[in-house]
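Trainee: This one is upload-v8.cif, mmCIF, C-alpha atoms.
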```
data_input
loop_
_atom_site.label_atom_id
_atom_site.label_comp_id
_atom_site.auth_asym_id
_atom_site.auth_seq_id
_atom_site.Cartn_x
_atom_site.Cartn_y
_atom_site.Cartn_z
CA MET A 1 47.15 260.41 32.98
CA ALA A 2 44.52 261.66 30.56
CA ARG A 3 41.16 259.98 30.59
CA TYR A 4 40.41 257.65 27.69
CA GLY A 5 37.06 256.68 26.29
CA LEU A 6 34.92 255.77 23.32
CA LEU A 7 33.13 257.97 20.83
CA ILE A 8 30.12 256.18 19.39
CA SER A 9 28.56 257.64 16.22
CA PRO A 10 25.32 255.88 15.27
CA GLU A 11 25.29 257.82 11.98
CA LEU A 12 28.41 255.94 10.92
CA CYS A 13 27.28 252.54 12.15
CA ILE A 14 26.18 250.07 9.47
CA GLY A 15 24.89 247.50 11.96
CA CYS A 16 27.38 244.82 10.96
CA ARG A 17 27.93 243.74 14.57
CA ALA A 18 31.60 243.00 13.97
CA CYS A 19 32.13 244.74 17.34
CA GLN A 20 29.96 242.12 19.06
CA VAL A 21 31.98 239.34 17.47
CA ALA A 22 35.36 240.95 18.14
CA CYS A 23 34.40 241.49 21.78
CA LYS A 24 33.41 237.86 22.18
CA SER A 25 36.57 236.75 20.43
CA TRP A 26 38.97 238.84 22.52
CA ASN A 27 37.23 238.19 25.82
CA GLN A 28 36.72 234.48 25.03
CA LEU A 29 32.99 234.57 25.60
CA PRO A 30 30.81 231.66 24.47
CA ALA A 31 27.79 232.11 22.22
CA ASP A 32 24.36 232.55 23.77
CA LYS A 33 21.39 230.53 22.62
CA THR A 34 18.95 233.05 21.20
CA LYS A 35 15.56 233.04 19.58
CA ASN A 36 14.17 234.93 16.63
CA LEU A 37 12.23 237.91 17.88
CA GLY A 38 11.40 239.20 14.42
CA GLY A 39 14.25 241.69 14.18
CA TYR A 40 17.95 241.86 13.49
CA GLU A 41 18.87 242.57 17.07
CA ASN A 42 20.41 239.50 18.56
CA PRO A 43 20.52 238.74 21.46
CA SER A 44 17.82 241.15 22.61
CA ASP A 45 19.70 242.24 25.73
CA LEU A 46 23.18 242.19 27.23
CA THR A 47 23.99 238.80 28.79
CA PRO A 48 26.80 237.50 31.02
CA HIS A 49 28.57 236.57 27.76
CA LEU A 50 27.69 239.68 25.79
CA TYR A 51 29.41 242.88 26.88
CA ASN A 52 28.61 244.94 23.82
CA LYS A 53 25.57 244.85 21.60
CA ILE A 54 24.13 246.80 18.70
CA HIS A 55 20.61 247.92 19.50
CA TYR A 56 18.42 248.29 16.41
CA VAL A 57 15.81 251.01 16.65
CA GLU A 58 13.13 251.29 14.02
CA VAL A 59 11.52 254.73 13.82
CA PRO A 60 9.42 256.42 11.10
CA SER A 61 11.04 259.29 9.20
CA ASP A 62 9.92 261.97 6.70
CA LYS A 63 11.30 260.17 3.69
CA SER A 64 10.42 256.58 4.34
CA PRO A 65 8.14 254.65 6.69
CA MET A 66 11.14 253.24 8.47
CA ARG A 67 14.43 254.64 9.67
CA TRP A 68 17.01 252.40 11.23
CA LEU A 69 19.17 253.55 14.11
CA PHE A 70 22.08 251.48 15.38
CA VAL A 71 23.38 252.08 18.89
CA SER A 72 26.21 250.29 20.62
CA GLN A 73 25.00 249.40 24.11
CA ARG A 74 27.56 248.61 26.80
CA CYS A 75 29.05 249.80 30.07
CA MET A 76 29.33 253.60 29.95
CA HIS A 77 32.40 253.76 32.23
CA CYS A 78 30.93 256.59 34.33
CA ASP A 79 33.29 258.89 36.17
CA ASP A 80 30.94 258.80 39.17
CA ALA A 81 29.93 255.15 38.84
CA GLY A 82 26.84 253.93 40.72
CA CYS A 83 28.08 250.34 40.65
CA MET A 84 31.32 251.29 42.38
CA LYS A 85 29.51 253.47 44.90
CA ILE A 86 27.18 250.71 46.10
CA CYS A 87 29.70 247.82 45.89
CA PRO A 88 30.58 246.53 49.40
CA SER A 89 33.76 244.66 48.47
CA PRO A 90 37.04 246.58 48.12
CA GLY A 91 38.71 246.10 44.76
CA ALA A 92 35.81 244.18 43.17
CA LEU A 93 34.99 247.11 40.89
CA PHE A 94 37.76 249.60 40.24
CA LYS A 95 38.95 252.34 37.91
CA THR A 96 41.86 251.70 35.61
CA LYS A 97 44.34 254.50 35.02
CA GLU A 98 42.67 255.11 31.65
CA GLY A 99 39.34 255.71 33.42
CA ALA A 100 37.64 252.39 32.59
CA VAL A 101 35.40 250.75 35.21
CA ALA A 102 36.93 247.29 35.46
CA TYR A 103 36.41 244.41 37.89
CA ASN A 104 38.21 241.63 39.69
CA LYS A 105 36.08 238.49 39.84
CA ASP A 106 38.10 237.09 42.75
CA LYS A 107 37.08 240.05 44.87
CA CYS A 108 33.45 240.14 43.70
CA ILE A 109 31.27 238.62 46.41
CA GLY A 110 28.25 238.10 44.17
CA CYS A 111 25.86 240.35 46.10
CA LYS A 112 24.59 241.93 42.85
CA LEU A 113 24.11 245.36 44.40
CA CYS A 114 25.93 246.88 41.41
CA VAL A 115 22.99 245.85 39.22
CA ALA A 116 20.74 248.03 41.38
CA GLY A 117 23.25 250.90 41.50
CA CYS A 118 23.84 251.12 37.74
CA PRO A 119 21.81 253.86 35.97
CA PHE A 120 22.07 251.96 32.66
CA ASN A 121 21.20 248.39 33.64
CA VAL A 122 24.56 247.07 32.46
CA PRO A 123 26.17 244.62 34.95
CA ARG A 124 25.37 240.93 34.48
CA PHE A 125 26.35 237.85 36.47
CA ASP A 126 28.04 234.67 35.35
CA GLU A 127 27.33 231.09 36.50
CA LYS A 128 29.36 231.73 39.66
CA ASP A 129 27.37 234.88 40.47
CA LYS A 130 30.36 237.08 39.63
CA VAL A 131 29.99 240.43 37.91
CA THR A 132 30.64 240.61 34.17
CA LYS A 133 30.40 243.56 31.79
CA CYS A 134 32.45 245.57 29.33
CA ASN A 135 35.72 246.60 30.96
CA LEU A 136 36.88 248.60 27.94
CA CYS A 137 39.26 245.69 27.22
CA SER A 138 41.39 246.93 30.10
CA ASP A 139 44.03 244.32 29.30
CA ARG A 140 44.34 245.78 25.79
CA ILE A 141 44.20 249.48 26.62
CA SER A 142 46.83 249.12 29.34
CA ASN A 143 49.11 247.94 26.51
CA ASN A 144 48.21 250.87 24.26
CA LEU A 145 45.88 248.82 22.08
CA PRO A 146 42.33 249.98 21.32
CA PRO A 147 39.48 247.87 22.70
CA ALA A 148 38.48 244.98 20.44
CA CYS A 149 35.22 246.66 19.35
CA ALA A 150 36.93 249.90 18.30
CA LYS A 151 39.78 248.01 16.64
CA THR A 152 37.43 246.01 14.46
CA CYS A 153 34.79 248.63 13.62
CA PRO A 154 35.07 249.11 9.82
CA THR A 155 33.42 252.55 9.67
CA GLY A 156 34.79 254.36 12.72
CA ALA A 157 31.43 254.30 14.45
CA ILE A 158 33.28 253.21 17.61
CA LYS A 159 36.43 255.24 18.16
CA TYR A 160 38.80 254.91 21.09
CA GLY A 161 41.08 257.68 22.25
CA GLU A 162 41.76 260.43 24.70
CA ARG A 163 38.37 261.63 25.90
CA GLU A 164 39.11 265.32 25.35
CA SER A 165 40.27 264.84 21.78
CA LEU A 166 37.26 262.64 21.02
CA ILE A 167 35.02 265.46 22.23
CA SER A 168 36.76 268.09 20.10
CA SER A 169 36.80 265.84 17.02
CA ALA A 170 33.04 265.27 17.37
CA GLN A 171 32.49 268.99 17.84
CA LYS A 172 34.44 269.71 14.67
CA VAL A 173 31.96 267.68 12.63
CA GLY A 174 29.00 269.40 14.21
CA TYR A 175 28.07 267.36 17.28
CA GLU A 176 27.94 270.12 19.86
CA LYS A 177 25.89 268.21 22.40
CA LEU A 178 27.42 264.83 23.05
CA TYR A 179 25.47 262.37 25.15
CA GLY A 180 27.55 261.58 28.21
CA LYS A 181 29.73 264.69 28.09
CA ALA A 182 28.71 265.81 31.56
CA ASP A 183 26.38 263.10 32.91
CA LEU A 184 27.63 261.27 36.03
CA GLY A 185 30.83 263.27 36.07
CA GLY A 186 31.25 262.52 32.36
CA LEU A 187 30.77 259.13 30.74
CA GLY A 188 33.64 257.16 29.27
CA ALA A 189 31.33 256.28 26.36
CA LEU A 190 30.28 259.40 24.45
CA TYR A 191 27.47 259.29 21.92
CA ALA A 192 27.12 261.58 18.91
CA PHE A 193 23.36 261.56 18.47
CA LYS A 194 21.61 263.42 15.66
CA ASP A 195 18.28 263.31 17.48
CA ALA A 196 17.06 263.25 21.07
CA PRO A 197 18.67 260.43 23.07
CA LYS A 198 15.20 259.09 23.79
CA LEU A 199 14.80 258.14 20.12
CA TYR A 200 17.81 255.86 20.52
CA ASP A 201 16.30 254.25 23.65
CA MET A 202 18.92 255.91 25.82
CA VAL A 203 18.27 256.96 29.42
CA GLU A 204 17.58 260.69 29.48
CA ASN A 205 19.49 262.51 32.25
CA PRO A 206 21.05 259.34 33.69
CA ALA A 207 21.73 259.50 37.44
CA ILE A 208 22.70 257.26 40.31
CA PRO A 209 19.50 256.21 42.17
CA GLU A 210 18.58 258.84 44.77
CA THR A 211 18.40 256.22 47.53
CA VAL A 212 22.03 255.29 46.84
CA ILE A 213 23.12 258.93 46.98
CA PHE A 214 21.22 259.48 50.26
CA TRP A 215 22.77 256.31 51.67
CA HIS A 216 26.25 257.40 50.63
CA ASN A 217 26.00 261.01 51.83
CA VAL A 218 23.86 260.64 54.95
CA LEU A 219 23.42 257.08 56.20
CA LYS A 220 27.05 256.00 55.87
CA PRO A 221 28.51 258.89 57.92
CA LEU A 222 25.63 258.59 60.40
CA ALA A 223 26.61 254.97 61.10
CA TYR A 224 29.91 255.88 62.70
CA VAL A 225 28.90 259.32 63.95
CA GLY A 226 25.88 257.73 65.66
CA LEU A 227 27.81 254.85 67.15
CA GLY A 228 30.68 257.06 68.27
CA GLY A 229 28.24 259.63 69.60
CA VAL A 230 26.34 257.25 71.87
CA VAL A 231 29.52 255.62 73.13
CA ALA A 232 30.88 259.08 73.99
CA ALA A 233 27.55 260.11 75.53
CA SER A 234 27.51 256.95 77.67
CA LEU A 235 31.04 257.62 78.93
CA LEU A 236 30.13 261.23 79.64
CA HIS A 237 27.03 260.12 81.52
CA TYR A 238 29.04 257.61 83.53
CA PHE A 239 31.58 260.16 84.69
CA VAL A 240 29.37 263.26 84.99
CA ILE A 241 26.08 261.91 86.34
CA GLY A 242 27.22 258.46 87.31
CA PRO A 243 25.54 255.06 87.59
CA HIS A 244 22.56 254.35 89.81
CA LYS A 245 23.85 254.12 93.35
CA ASP A 246 20.80 252.70 95.11
CA GLU A 247 22.72 249.46 95.42
CA LYS A 248 24.26 250.34 98.77
CA GLU A 249 22.09 248.39 101.14
CA VAL A 250 21.51 245.57 98.64
CA GLY A 251 25.18 245.25 97.82
CA LYS A 252 26.19 244.66 101.43
CA HIS A 253 24.02 241.57 101.74
CA GLU A 254 25.66 239.86 98.83
CA MET B 1 22.84 235.69 101.66
CA SER B 2 19.71 237.48 100.62
CA LYS B 3 16.75 235.78 99.01
CA MET B 4 17.06 235.58 95.23
CA VAL B 5 14.21 235.76 92.70
CA ARG B 6 14.29 234.60 89.12
CA LYS B 7 13.88 237.45 86.63
CA ALA B 8 14.91 235.71 83.40
CA SER B 9 14.23 232.10 82.43
CA VAL B 10 16.90 229.90 80.85
CA ALA B 11 15.05 230.30 77.53
CA GLU B 12 15.25 234.10 77.85
CA ILE B 13 18.96 234.04 78.68
CA LEU B 14 19.70 231.77 75.70
CA ASN B 15 17.50 233.86 73.41
CA HIS B 16 19.28 237.00 74.56
CA TRP B 17 22.78 235.67 73.93
CA VAL B 18 21.96 234.23 70.53
CA LEU B 19 20.54 237.64 69.58
CA ALA B 20 23.45 239.52 71.10
CA ILE B 21 26.23 237.46 69.54
CA SER B 22 24.60 237.29 66.10
CA CYS B 23 23.92 241.02 66.28
CA ILE B 24 27.54 241.83 67.11
CA LEU B 25 28.85 239.61 64.30
CA LEU B 26 26.41 241.21 61.87
CA SER B 27 27.32 244.73 62.98
CA ILE B 28 31.06 244.19 62.64
CA SER B 29 30.76 242.58 59.21
CA GLY B 30 28.20 245.25 58.30
CA PHE B 31 30.72 247.97 59.07
CA GLY B 32 33.22 246.05 56.96
CA PHE B 33 30.88 246.12 53.97
CA LEU B 34 29.73 249.68 54.55
CA PHE B 35 33.21 251.17 54.52
CA LYS B 36 35.02 248.40 52.60
CA ILE B 37 37.37 247.82 55.55
CA GLU B 38 40.02 245.28 54.51
CA PHE B 39 40.97 244.52 58.12
CA ILE B 40 37.42 243.43 59.03
CA GLY B 41 37.27 241.37 55.84
CA SER B 42 40.41 239.52 56.87
CA LEU B 43 38.93 238.80 60.33
CA PHE B 44 36.14 236.90 58.58
CA GLY B 45 38.42 235.15 56.12
CA GLY B 46 37.94 237.55 53.22
CA PHE B 47 34.95 239.40 51.82
CA ASN B 48 33.53 236.36 50.02
CA LEU B 49 33.34 234.33 53.22
CA MET B 50 32.21 237.39 55.17
CA LYS B 51 29.18 237.70 52.88
CA THR B 52 28.23 234.06 53.47
CA ILE B 53 28.68 234.48 57.23
CA HIS B 54 26.72 237.75 57.23
CA ASN B 55 23.81 236.12 55.38
CA TRP B 56 23.59 232.99 57.54
CA VAL B 57 24.17 234.77 60.85
CA GLY B 58 21.37 237.04 59.64
CA VAL B 59 19.15 233.96 59.51
CA VAL B 60 20.11 233.12 63.11
CA PHE B 61 19.39 236.71 64.15
CA SER B 62 15.98 236.88 62.47
CA VAL B 63 14.88 233.49 63.84
CA SER B 64 15.94 234.38 67.38
CA LEU B 65 14.23 237.78 66.98
CA PHE B 66 11.05 235.91 66.08
CA PHE B 67 11.30 233.77 69.24
CA SER B 68 12.03 236.84 71.36
CA MET B 69 8.44 237.95 70.84
CA PHE B 70 7.26 235.06 73.03
CA ASN B 71 9.67 236.20 75.75
CA TRP B 72 9.40 239.98 75.85
CA LEU B 73 6.66 241.37 73.63
CA LYS B 74 3.78 241.07 76.09
CA ASP B 75 5.62 242.87 78.91
CA SER B 76 6.95 245.47 76.47
CA LEU B 77 3.51 246.49 75.28
CA ALA B 78 2.04 246.93 78.78
CA PHE B 79 2.13 250.71 79.19
CA ASP B 80 0.39 252.57 82.03
CA SER B 81 0.46 255.96 83.78
CA ASP B 82 3.69 255.11 85.60
CA ASP B 83 5.41 254.91 82.23
CA ILE B 84 4.44 258.53 81.55
CA GLY B 85 5.92 259.44 84.93
CA TRP B 86 9.08 257.53 84.02
CA ILE B 87 9.44 259.49 80.79
CA LYS B 88 8.93 262.78 82.69
CA VAL B 89 11.88 262.04 84.97
CA ALA B 90 13.86 260.41 82.12
CA GLY B 91 14.04 257.22 84.15
CA GLY B 92 16.10 259.02 86.79
CA TYR B 93 19.14 258.83 84.54
CA LEU B 94 19.71 262.57 84.29
CA SER B 95 19.56 263.19 88.02
CA HIS B 96 19.71 260.87 91.02
CA LYS B 97 17.52 263.22 93.06
CA VAL B 98 14.23 262.64 91.22
CA LYS B 99 11.74 260.00 92.29
CA VAL B 100 11.19 257.33 89.64
CA PRO B 101 7.65 255.84 89.55
CA PRO B 102 7.35 252.14 90.46
CA MET B 103 8.07 249.83 87.54
CA GLY B 104 6.84 246.39 86.52
CA LYS B 105 9.07 243.59 85.24
CA LEU B 106 10.41 245.91 82.54
CA ASN B 107 10.91 249.62 82.98
CA THR B 108 9.68 252.10 80.36
CA GLY B 109 13.05 252.43 78.69
CA GLN B 110 13.37 248.67 78.38
CA LYS B 111 9.89 248.49 76.84
CA PHE B 112 10.72 251.16 74.26
CA TYR B 113 14.04 249.49 73.54
CA TYR B 114 12.44 246.12 72.89
CA VAL B 115 9.71 247.54 70.64
CA ALA B 116 12.36 249.48 68.65
CA LEU B 117 14.62 246.43 68.44
CA LEU B 118 11.75 244.28 67.22
CA PHE B 119 10.61 246.84 64.65
CA PHE B 120 14.00 247.73 63.20
CA GLY B 121 15.27 244.18 63.68
CA MET B 122 12.41 242.96 61.52
CA ALA B 123 13.04 245.74 58.99
CA ILE B 124 16.76 244.90 58.74
CA SER B 125 15.98 241.16 58.49
CA ILE B 126 13.30 241.42 55.81
CA SER B 127 15.31 243.90 53.75
CA GLY B 128 18.36 241.67 54.12
CA TYR B 129 16.46 238.66 52.80
CA ILE B 130 15.24 240.70 49.82
CA ILE B 131 18.78 241.87 48.93
CA TRP B 132 20.02 238.30 49.28
CA LEU B 133 17.23 236.40 47.57
CA LEU B 134 15.73 238.83 45.03
CA PRO B 135 18.81 240.44 43.48
CA GLY B 136 17.13 240.75 40.10
CA SER B 137 14.38 243.13 41.18
CA ARG B 138 16.09 246.52 41.05
CA ASN B 139 13.47 248.61 42.85
CA TRP B 140 12.99 246.08 45.64
CA VAL B 141 16.74 245.89 46.14
CA LEU B 142 17.13 249.70 46.22
CA ILE B 143 14.31 250.14 48.76
CA SER B 144 15.66 247.25 50.84
CA HIS B 145 19.20 248.61 50.69
CA LEU B 146 17.89 251.94 52.02
CA LEU B 147 15.79 250.29 54.74
CA HIS B 148 18.66 247.97 55.71
CA ASN B 149 20.94 250.94 56.26
CA ILE B 150 18.40 253.16 58.04
CA SER B 151 17.69 250.28 60.44
CA PHE B 152 21.42 249.70 60.85
CA ASP B 153 22.01 253.33 61.85
CA ILE B 154 19.17 253.27 64.37
CA LEU B 155 20.32 249.97 65.87
CA MET B 156 23.90 251.23 66.05
CA ILE B 157 22.61 254.10 68.21
CA ALA B 158 20.15 252.08 70.31
CA ILE B 159 22.20 248.98 71.06
CA PRO B 160 25.22 250.66 72.73
CA VAL B 161 22.80 252.57 74.96
CA HIS B 162 21.18 249.27 75.94
CA MET B 163 24.60 247.72 76.62
CA TYR B 164 25.63 250.67 78.78
CA LEU B 165 22.39 250.87 80.77
CA ALA B 166 22.28 247.11 81.34
CA SER B 167 25.83 246.95 82.65
CA ILE B 168 27.91 249.65 84.33
CA ALA B 169 25.16 252.29 84.47
CA ASN B 170 22.97 250.04 86.61
CA PRO B 171 25.18 247.85 88.80
CA GLY B 172 23.53 244.52 89.49
CA THR B 173 21.61 244.35 86.23
CA PHE B 174 24.03 242.37 84.10
CA ARG B 175 23.70 239.18 86.20
CA ILE B 176 20.12 238.79 84.89
CA MET B 177 21.63 237.68 81.61
CA ILE B 178 24.08 235.32 83.36
CA SER B 179 22.26 233.54 86.18
CA GLY B 180 18.82 235.00 85.57
CA THR B 181 18.33 235.73 89.26
CA VAL B 182 18.46 238.94 91.28
CA PRO B 183 18.28 239.64 95.02
CA LEU B 184 14.72 240.19 96.18
CA GLU B 185 15.70 243.51 97.80
CA TRP B 186 17.15 244.77 94.53
CA ALA B 187 14.06 243.66 92.60
CA LYS B 188 11.77 245.39 95.09
CA LYS B 189 13.59 248.66 94.48
CA LYS B 190 13.82 248.43 90.72
CA HIS B 191 10.68 246.50 89.79
CA PRO B 192 8.27 246.78 92.75
CA LYS B 193 5.12 246.24 90.69
CA TRP B 194 6.49 243.01 89.29
CA ILE B 195 7.30 241.61 92.75
CA GLU B 196 3.87 242.64 93.96
CA GLU B 197 1.93 241.20 91.02
CA ALA B 198 3.89 237.96 90.84
CA LYS B 199 3.67 237.63 94.67
CA LEU B 200 7.36 236.80 94.94
CA ASP B 201 7.71 238.60 98.26
#
```
Mind turning this structure into structure tokens?
Mentor:
Amino acid sequence: MARYGLLISPELCIGCRACQVACKSWNQLPADKTKNLGGYENPSDLTPHLYNKIHYVEVPSDKSPMRWLFVSQRCMHCDDAGCMKICPSPGALFKTKEGAVAYNKDKCIGCKLCVAGCPFNVPRFDEKDKVTKCNLCSDRISNNLPPACAKTCPTGAIKYGERESLISSAQKVGYEKLYGKADLGGLGALYAFKDAPKLYDMVENPAIPETVIFWHNVLKPLAYVGLGGVVAASLLHYFVIGPHKDEKEVGKHE
Amino acid sequence: MSKMVRKASVAEILNHWVLAISCILLSISGFGFLFKIEFIGSLFGGFNLMKTIHNWVGVVFSVSLFFSMFNWLKDSLAFDSDDIGWIKVAGGYLSHKVKVPPMGKLNTGQKFYYVALLFFGMAISISGYIIWLLPGSRNWVLISHLLHNISFDILMIAIPVHMYLASIANPGTFRIMISGTVPLEWAKKKHPKWIEEAKLD
């Protein structure tokens, strides 16, 4: 099955946050108590009850002292997902057939390692210490419905579809370099940025933490190779060189 | 019936078995987490329960590791020229023809093993507590996760060697962790300096 994903175009976004509301509505998430931080962004960060959020960036431009950028922040649905790599519980985090990184709260053991493994600081934990985050509305997409955010977006700033056709449609309107096209095996959330990703407060060159990669590629295999190796070496020693035999005279007395 | 001498106190035997059993439970569940092995998860009543068991058995392990210092640290840090001789002949394990220098209560290999166990046991305990109790601090968790797994690999290599050498590779050794006593003749051969210094002869 073809991989599905989101194309996010900040240039089309009007900052209405209908996507935030639709996400809460579909996923039955309660409101968070927030406080006024002097901006329109609200809440200021993803929470256990907020899977998708518009980040408001204020930058100076040539024409006016202030330029507003709106970026949908959420789980990126990495192909090579750091959260899945580090997770110790089978089936807690998994890939849907559409390519979304979804989760099963019954299988989540609440260790929170996925928070450390994520290059984008996305996973959050609910009251029961279970992982929560955007799952690309996996219950909707498995029934051929677009995710709630994409469904409700009035300007097409969040589009859902086959990843390849999203890429070619963005390229047709001049976005040659899409953020997330190749990072981490290709992100499920693609961003059509007009400027450098840094301006949008996005991680430049996102990657799984090096310690996690070293652990996965070296330490994990070494655990069973090392254990198996010394058990084999002990057996070999026992049969080739043999145990200490200076027991003879002692043994007879016993 | 030959004369027996006490090599391990009741406290040492208890300390050893609490460490050994907690360590085995932690290693098995650790392998379950490392490779997401469903079968191991089911042995512990599912991965949720296995995490709780792993954490609390980890507490038992770290506390008994702390107490082990009162039992074995002093003897383990007492190195002398005979230890260098022991290393040169590899403890006599690679050939039965070499002459092994006289050993004290612990031989050189046992001293190295204890120091390594204490060091990496402390590393795996402290990093485990950080992963468990400070899940919000990303960099601490990543460093601890790395340290936890490096220590795990080293212990998974060292511990089977210890189990082999303390059982079938050295007949007569295992009873020290059961009754705590060994025949005087055996002790004189294996640990002559200990018998001499403690005047057990």
Trainee: Which residues, written as a ChimeraX atom specification, have at least one atom at most 10 Å from Leu147 of chain B, with only C-alpha atoms counted and residues fewer than 2 positions away on the same chain left out?
Mentor: /A:211,215 /B:120,123-128,141-145,149-153
Trainee: Is there a way to get, as a ChimeraX atom specification, all residues within 12 Å of the point (25.1, 250.1, 31.1) in file coordinates, counting all atoms listed in the file?
Mentor: /A:45-47,50-53,72-78,81-83,101,114-124,132-135,187-189,202-203,206-208
Trainee: Can I get the selected residues back with C-alpha atoms, as a PDB file, in the frame of the given file?
Mentor:
```pdb
ATOM      1  CA  ASP A  45      19.700 242.240  25.730  1.00  0.00           C
ATOM      2  CA  LEU A  46      23.180 242.190  27.230  1.00  0.00           C
ATOM      3  CA  THR A  47      23.990 238.800  28.790  1.00  0.00           C
ATOM      4  CA  LEU A  50      27.690 239.680  25.790  1.00  0.00           C
ATOM      5  CA  TYR A  51      29.410 242.880  26.880  1.00  0.00           C
ATOM      6  CA  ASN A  52      28.610 244.940  23.820  1.00  0.00           C
ATOM      7  CA  LYS A  53      25.570 244.850  21.600  1.00  0.00           C
ATOM      8  CA  SER A  72      26.210 250.290  20.620  1.00  0.00           C
ATOM      9  CA  GLN A  73      25.000 249.400  24.110  1.00  0.00           C
ATOM     10  CA  ARG A  74      27.560 248.610  26.800  1.00  0.00           C
ATOM     11  CA  CYS A  75      29.050 249.800  30.070  1.00  0.00           C
ATOM     12  CA  MET A  76      29.330 253.600  29.950  1.00  0.00           C
ATOM     13  CA  HIS A  77      32.400 253.760  32.230  1.00  0.00           C
ATOM     14  CA  CYS A  78      30.930 256.590  34.330  1.00  0.00           C
ATOM     15  CA  ALA A  81      29.930 255.150  38.840  1.00  0.00           C
ATOM     16  CA  GLY A  82      26.840 253.930  40.720  1.00  0.00           C
ATOM     17  CA  CYS A  83      28.080 250.340  40.650  1.00  0.00           C
ATOM     18  CA  VAL A 101      35.400 250.750  35.210  1.00  0.00           C
ATOM     19  CA  CYS A 114      25.930 246.880  41.410  1.00  0.00           C
ATOM     20  CA  VAL A 115      22.990 245.850  39.220  1.00  0.00           C
ATOM     21  CA  ALA A 116      20.740 248.030  41.380  1.00  0.00           C
ATOM     22  CA  GLY A 117      23.250 250.900  41.500  1.00  0.00           C
ATOM     23  CA  CYS A 118      23.840 251.120  37.740  1.00  0.00           C
ATOM     24  CA  PRO A 119      21.810 253.860  35.970  1.00  0.00           C
ATOM     25  CA  PHE A 120      22.070 251.960  32.660  1.00  0.00           C
ATOM     26  CA  ASN A 121      21.200 248.390  33.640  1.00  0.00           C
ATOM     27  CA  VAL A 122      24.560 247.070  32.460  1.00  0.00           C
ATOM     28  CA  PRO A 123      26.170 244.620  34.950  1.00  0.00           C
ATOM     29  CA  ARG A 124      25.370 240.930  34.480  1.00  0.00           C
ATOM     30  CA  THR A 132      30.640 240.610  34.170  1.00  0.00           C
ATOM     31  CA  LYS A 133      30.400 243.560  31.790  1.00  0.00           C
ATOM     32  CA  CYS A 134      32.450 245.570  29.330  1.00  0.00           C
ATOM     33  CA  ASN A 135      35.720 246.600  30.960  1.00  0.00           C
ATOM     34  CA  LEU A 187      30.770 259.130  30.740  1.00  0.00           C
ATOM     35  CA  GLY A 188      33.640 257.160  29.270  1.00  0.00           C
ATOM     36  CA  ALA A 189      31.330 256.280  26.360  1.00  0.00           C
ATOM     37  CA  MET A 202      18.920 255.910  25.820  1.00  0.00           C
ATOM     38  CA  VAL A 203      18.270 256.960  29.420  1.00  0.00           C
ATOM     39  CA  PRO A 206      21.050 259.340  33.690  1.00  0.00           C
ATOM     40  CA  ALA A 207      21.730 259.500  37.440  1.00  0.00           C
ATOM     41  CA  ILE A 208      22.700 257.260  40.310  1.00  0.00           C
TER      42      ILE A 208
END
```
Trainee: For atom CA of Lys51 of chain B and atom CA of Leu134 of chain B, determine how far apart the two atoms are, in Å to one decimal place.
Mentor: 15.6 Å
Trainee: Do you know which residues the PyMOL selection byres ((chain B) within 8 of (chain A)) returns on this file, as a tab-separated table (two decimals) with C-alpha atoms, in the frame of the given file?
Mentor:
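Output (part-v1.tsv):
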```
chain	number	residue	atom	x	y	z
B	1	MET	CA	22.84	235.69	101.66
B	2	SER	CA	19.71	237.48	100.62
B	33	PHE	CA	30.88	246.12	53.97
B	34	LEU	CA	29.73	249.68	54.55
B	35	PHE	CA	33.21	251.17	54.52
B	36	LYS	CA	35.02	248.40	52.60
B	37	ILE	CA	37.37	247.82	55.55
B	38	GLU	CA	40.02	245.28	54.51
B	47	PHE	CA	34.95	239.40	51.82
B	48	ASN	CA	33.53	236.36	50.02
B	51	LYS	CA	29.18	237.70	52.88
B	93	TYR	CA	19.14	258.83	84.54
B	94	LEU	CA	19.71	262.57	84.29
B	95	SER	CA	19.56	263.19	88.02
B	96	HIS	CA	19.71	260.87	91.02
B	131	ILE	CA	18.78	241.87	48.93
B	132	TRP	CA	20.02	238.30	49.28
B	135	PRO	CA	18.81	240.44	43.48
B	136	GLY	CA	17.13	240.75	40.10
B	138	ARG	CA	16.09	246.52	41.05
B	139	ASN	CA	13.47	248.61	42.85
B	141	VAL	CA	16.74	245.89	46.14
B	142	LEU	CA	17.13	249.70	46.22
B	143	ILE	CA	14.31	250.14	48.76
B	146	LEU	CA	17.89	251.94	52.02
B	149	ASN	CA	20.94	250.94	56.26
B	150	ILE	CA	18.40	253.16	58.04
B	152	PHE	CA	21.42	249.70	60.85
B	153	ASP	CA	22.01	253.33	61.85
B	156	MET	CA	23.90	251.23	66.05
B	157	ILE	CA	22.61	254.10	68.21
B	160	PRO	CA	25.22	250.66	72.73
B	161	VAL	CA	22.80	252.57	74.96
B	164	TYR	CA	25.63	250.67	78.78
B	168	ILE	CA	27.91	249.65	84.33
B	169	ALA	CA	25.16	252.29	84.47
B	170	ASN	CA	22.97	250.04	86.61
B	171	PRO	CA	25.18	247.85	88.80
B	172	GLY	CA	23.53	244.52	89.49
B	183	PRO	CA	18.28	239.64	95.02
B	185	GLU	CA	15.70	243.51	97.80
B	186	TRP	CA	17.15	244.77	94.53
```
Trainee: Which of these residues is nearest to Val63 of chain B, using all atoms listed in the file: B:Leu49, B:Ile40, B:Val89, B:Met122?
Mentor: B:Met122
Trainee: What residues come out when you apply the PyMOL selection byres ((chain B and resi 60) around 12) to this file, written as a VMD selection string?
Mentor: chain B and resid 15 17 to 23 25 to 26 53 to 59 61 to 67 125
